[in-house]
Amino acid sequence: MKIYAASIQLSLFNLTNQLKVIHHKQFGKVLVSRPAGLEAFNAIRPTLDPAEPIRLDFDGVLTVTPSWFDEFLTQLSQYTDGKVELMPTDNASVLAILPILAETKDGKLSSIVRNAINRMSGREAG
């Protein structure tokens, strides 16, 4: 299991509207297992303000498993009260996971995923 040290240089940066971006390639190119997803979230949590919206960027990640993605996104959406947005991606593993999460999750997590699906398919989220 890869340990994410607190000293890892995270690619979090402020945009003009206080939006932070988490670049997942900082956690590796292959993101696997629920425990590793939780570990990644716990590594960045001290750097996050739960009142600020977060964007997730999977550019540079080769693959992510449903368990890693579910754990990380569940923790993050709970911590930020749903203020999470997934940046458009062509990552096949992310695109395959989204419809599954949209159907199996509810509440804010489901909304985050459905909004991402709508944006990536060219439909405006409602």
# chains A, B, ... in the order shown; residues from 1 in each chain; ligands from 1

call {"tool": "select_by_dssp", "arguments": {"residues": "chain A", "states": "strand (DSSP E)", "output": "list in words"}}
result
Lys20, Val21, Ile22, His23, Val30, Leu31, Ile54, Arg55, Leu56, Asp57, Thr63, Val64, Val84, Glu85 and Leu86 of chain A

call {"tool": "select_by_dssp", "arguments": {"residues": "chain A", "states": "helix (DSSP H, G or I)", "output": "number ranges by chain"}}
result
A: 24-27, 34-47, 66-79, 92-104, 107-120

call {"tool": "write_last_selection", "arguments": {"atoms": "C-alpha atoms", "output": "compact mmCIF listing (two decimals), in the first residue's frame"}}
result
# COMPACT_ATOMS: atom_id res chain seq x y z
CA HIS A 24 -4.83 13.13 -8.77
CA LYS A 25 -1.60 12.27 -10.57
CA GLN A 26 0.10 13.35 -7.33
CA PHE A 27 -1.25 10.13 -5.78
CA ARG A 34 -10.52 1.61 -0.94
CA PRO A 35 -7.86 1.94 1.82
CA ALA A 36 -5.58 3.83 -0.58
CA GLY A 37 -8.45 6.18 -1.52
CA LEU A 38 -9.05 6.93 2.15
CA GLU A 39 -5.33 7.40 2.71
CA ALA A 40 -5.15 9.88 -0.19
CA PHE A 41 -8.09 11.84 1.21
CA ASN A 42 -6.59 11.89 4.71
CA ALA A 43 -3.30 13.15 3.27
CA ILE A 44 -4.89 16.21 1.68
CA ARG A 45 -7.66 16.93 4.19
CA PRO A 46 -5.47 19.23 6.36
CA THR A 47 -4.85 21.44 3.31
CA PRO A 66 -14.18 2.04 -8.51
CA SER A 67 -13.28 1.36 -4.87
CA TRP A 68 -10.55 4.05 -4.78
CA PHE A 69 -12.74 6.58 -6.57
CA ASP A 70 -15.79 5.84 -4.41
CA GLU A 71 -13.86 6.14 -1.14
CA PHE A 72 -12.02 9.32 -2.09
CA LEU A 73 -15.10 11.05 -3.54
CA THR A 74 -17.38 9.97 -0.69
CA GLN A 75 -14.99 11.35 1.93
CA LEU A 76 -14.41 14.57 -0.01
CA SER A 77 -18.09 15.21 -0.70
CA GLN A 78 -18.94 14.69 2.97
CA TYR A 79 -16.08 16.95 4.09
CA ALA A 92 -11.77 5.61 -19.58
CA SER A 93 -11.77 4.27 -16.03
CA VAL A 94 -13.28 7.47 -14.62
CA LEU A 95 -15.88 7.56 -17.39
CA ALA A 96 -16.82 3.93 -16.69
CA ILE A 97 -17.19 4.53 -12.95
CA LEU A 98 -19.41 7.62 -13.15
CA PRO A 99 -22.67 5.94 -14.30
CA ILE A 100 -22.26 3.24 -11.65
CA LEU A 101 -21.84 5.79 -8.87
CA ALA A 102 -24.73 7.85 -10.21
CA GLU A 103 -27.03 4.84 -9.87
CA THR A 104 -25.73 3.38 -6.61
CA GLY A 107 -27.64 12.66 -2.02
CA LYS A 108 -24.78 15.04 -2.70
CA LEU A 109 -22.47 12.36 -4.05
CA SER A 110 -25.01 11.35 -6.67
CA SER A 111 -25.51 15.02 -7.62
CA ILE A 112 -21.77 15.55 -8.05
CA VAL A 113 -21.51 12.53 -10.32
CA ARG A 114 -24.66 13.32 -12.33
CA ASN A 115 -23.50 16.91 -12.87
CA ALA A 116 -20.15 15.61 -14.13
CA ILE A 117 -21.85 13.20 -16.51
CA ASN A 118 -24.06 15.99 -17.85
CA ARG A 119 -21.13 18.39 -18.34
CA MET A 120 -19.00 15.76 -20.05

call {"tool": "atom_distance", "arguments": {"atom1": "CA of Thr63 (chain A)", "atom2": "CA of Val32 (chain A)"}}
result
8.2 Å

call {"tool": "atom_distance", "arguments": {"atom1": "CA of Thr89 (chain A)", "atom2": "CA of Lys29 (chain A)"}}
result
14.6 Å

call {"tool": "atom_distance", "arguments": {"atom1": "CA of Gly122 (chain A)", "atom2": "CA of Gly28 (chain A)"}}
result
29.0 Å

call {"tool": "decode", "arguments": {"residues": "region 51-117 of chain A", "atoms": "C-alpha atoms", "output": "PDB file, in the first residue's frame"}}
result
ATOM      1  CA  ALA A  51     -16.179  25.898   2.843  1.00  0.00           C
ATOM      2  CA  GLU A  52     -14.323  26.200  -0.476  1.00  0.00           C
ATOM      3  CA  PRO A  53     -15.361  24.294  -3.620  1.00  0.00           C
ATOM      4  CA  ILE A  54     -12.972  21.679  -5.009  1.00  0.00           C
ATOM      5  CA  ARG A  55     -12.345  20.495  -8.584  1.00  0.00           C
ATOM      6  CA  LEU A  56     -10.926  17.056  -9.302  1.00  0.00           C
ATOM      7  CA  ASP A  57      -8.507  16.587 -12.194  1.00  0.00           C
ATOM      8  CA  PHE A  58      -7.605  13.066 -13.351  1.00  0.00           C
ATOM      9  CA  ASP A  59      -5.219  14.187 -16.111  1.00  0.00           C
ATOM     10  CA  GLY A  60      -2.087  12.038 -15.992  1.00  0.00           C
ATOM     11  CA  VAL A  61      -3.775   9.134 -14.193  1.00  0.00           C
ATOM     12  CA  LEU A  62      -3.739   5.893 -16.194  1.00  0.00           C
ATOM     13  CA  THR A  63      -6.461   4.101 -14.245  1.00  0.00           C
ATOM     14  CA  VAL A  64      -8.532   4.409 -11.116  1.00  0.00           C
ATOM     15  CA  THR A  65     -10.572   1.608  -9.577  1.00  0.00           C
ATOM     16  CA  PRO A  66     -14.183   2.041  -8.509  1.00  0.00           C
ATOM     17  CA  SER A  67     -13.280   1.360  -4.870  1.00  0.00           C
ATOM     18  CA  TRP A  68     -10.546   4.054  -4.784  1.00  0.00           C
ATOM     19  CA  PHE A  69     -12.744   6.580  -6.568  1.00  0.00           C
ATOM     20  CA  ASP A  70     -15.794   5.844  -4.406  1.00  0.00           C
ATOM     21  CA  GLU A  71     -13.864   6.136  -1.139  1.00  0.00           C
ATOM     22  CA  PHE A  72     -12.024   9.323  -2.089  1.00  0.00           C
ATOM     23  CA  LEU A  73     -15.099  11.048  -3.541  1.00  0.00           C
ATOM     24  CA  THR A  74     -17.375   9.970  -0.690  1.00  0.00           C
ATOM     25  CA  GLN A  75     -14.994  11.353   1.927  1.00  0.00           C
ATOM     26  CA  LEU A  76     -14.407  14.566  -0.011  1.00  0.00           C
ATOM     27  CA  SER A  77     -18.090  15.205  -0.697  1.00  0.00           C
ATOM     28  CA  GLN A  78     -18.936  14.689   2.975  1.00  0.00           C
ATOM     29  CA  TYR A  79     -16.084  16.954   4.092  1.00  0.00           C
ATOM     30  CA  THR A  80     -17.025  19.782   1.700  1.00  0.00           C
ATOM     31  CA  ASP A  81     -20.795  19.291   1.990  1.00  0.00           C
ATOM     32  CA  GLY A  82     -20.981  18.451  -1.707  1.00  0.00           C
ATOM     33  CA  LYS A  83     -18.886  21.326  -3.055  1.00  0.00           C
ATOM     34  CA  VAL A  84     -16.988  19.111  -5.496  1.00  0.00           C
ATOM     35  CA  GLU A  85     -16.783  19.241  -9.277  1.00  0.00           C
ATOM     36  CA  LEU A  86     -15.132  16.737 -11.577  1.00  0.00           C
ATOM     37  CA  MET A  87     -13.196  18.326 -14.411  1.00  0.00           C
ATOM     38  CA  PRO A  88     -13.930  16.945 -17.877  1.00  0.00           C
ATOM     39  CA  THR A  89     -11.771  13.922 -18.624  1.00  0.00           C
ATOM     40  CA  ASP A  90     -11.187  11.322 -21.287  1.00  0.00           C
ATOM     41  CA  ASN A  91      -9.911   8.829 -18.711  1.00  0.00           C
ATOM     42  CA  ALA A  92     -11.766   5.613 -19.578  1.00  0.00           C
ATOM     43  CA  SER A  93     -11.768   4.270 -16.030  1.00  0.00           C
ATOM     44  CA  VAL A  94     -13.282   7.468 -14.618  1.00  0.00           C
ATOM     45  CA  LEU A  95     -15.876   7.563 -17.394  1.00  0.00           C
ATOM     46  CA  ALA A  96     -16.816   3.929 -16.690  1.00  0.00           C
ATOM     47  CA  ILE A  97     -17.186   4.531 -12.945  1.00  0.00           C
ATOM     48  CA  LEU A  98     -19.414   7.620 -13.147  1.00  0.00           C
ATOM     49  CA  PRO A  99     -22.671   5.944 -14.297  1.00  0.00           C
ATOM     50  CA  ILE A 100     -22.260   3.236 -11.654  1.00  0.00           C
ATOM     51  CA  LEU A 101     -21.841   5.788  -8.868  1.00  0.00           C
ATOM     52  CA  ALA A 102     -24.731   7.852 -10.213  1.00  0.00           C
ATOM     53  CA  GLU A 103     -27.031   4.841  -9.866  1.00  0.00           C
ATOM     54  CA  THR A 104     -25.734   3.379  -6.614  1.00  0.00           C
ATOM     55  CA  LYS A 105     -25.171   6.514  -4.530  1.00  0.00           C
ATOM     56  CA  ASP A 106     -27.608   9.134  -3.345  1.00  0.00           C
ATOM     57  CA  GLY A 107     -27.635  12.664  -2.024  1.00  0.00           C
ATOM     58  CA  LYS A 108     -24.784  15.040  -2.697  1.00  0.00           C
ATOM     59  CA  LEU A 109     -22.468  12.362  -4.048  1.00  0.00           C
ATOM     60  CA  SER A 110     -25.009  11.352  -6.669  1.00  0.00           C
ATOM     61  CA  SER A 111     -25.511  15.018  -7.619  1.00  0.00           C
ATOM     62  CA  ILE A 112     -21.767  15.548  -8.045  1.00  0.00           C
ATOM     63  CA  VAL A 113     -21.512  12.529 -10.321  1.00  0.00           C
ATOM     64  CA  ARG A 114     -24.657  13.322 -12.330  1.00  0.00           C
ATOM     65  CA  ASN A 115     -23.503  16.911 -12.865  1.00  0.00           C
ATOM     66  CA  ALA A 116     -20.148  15.615 -14.126  1.00  0.00           C
ATOM     67  CA  ILE A 117     -21.846  13.196 -16.513  1.00  0.00           C
TER      68      ILE A 117
END
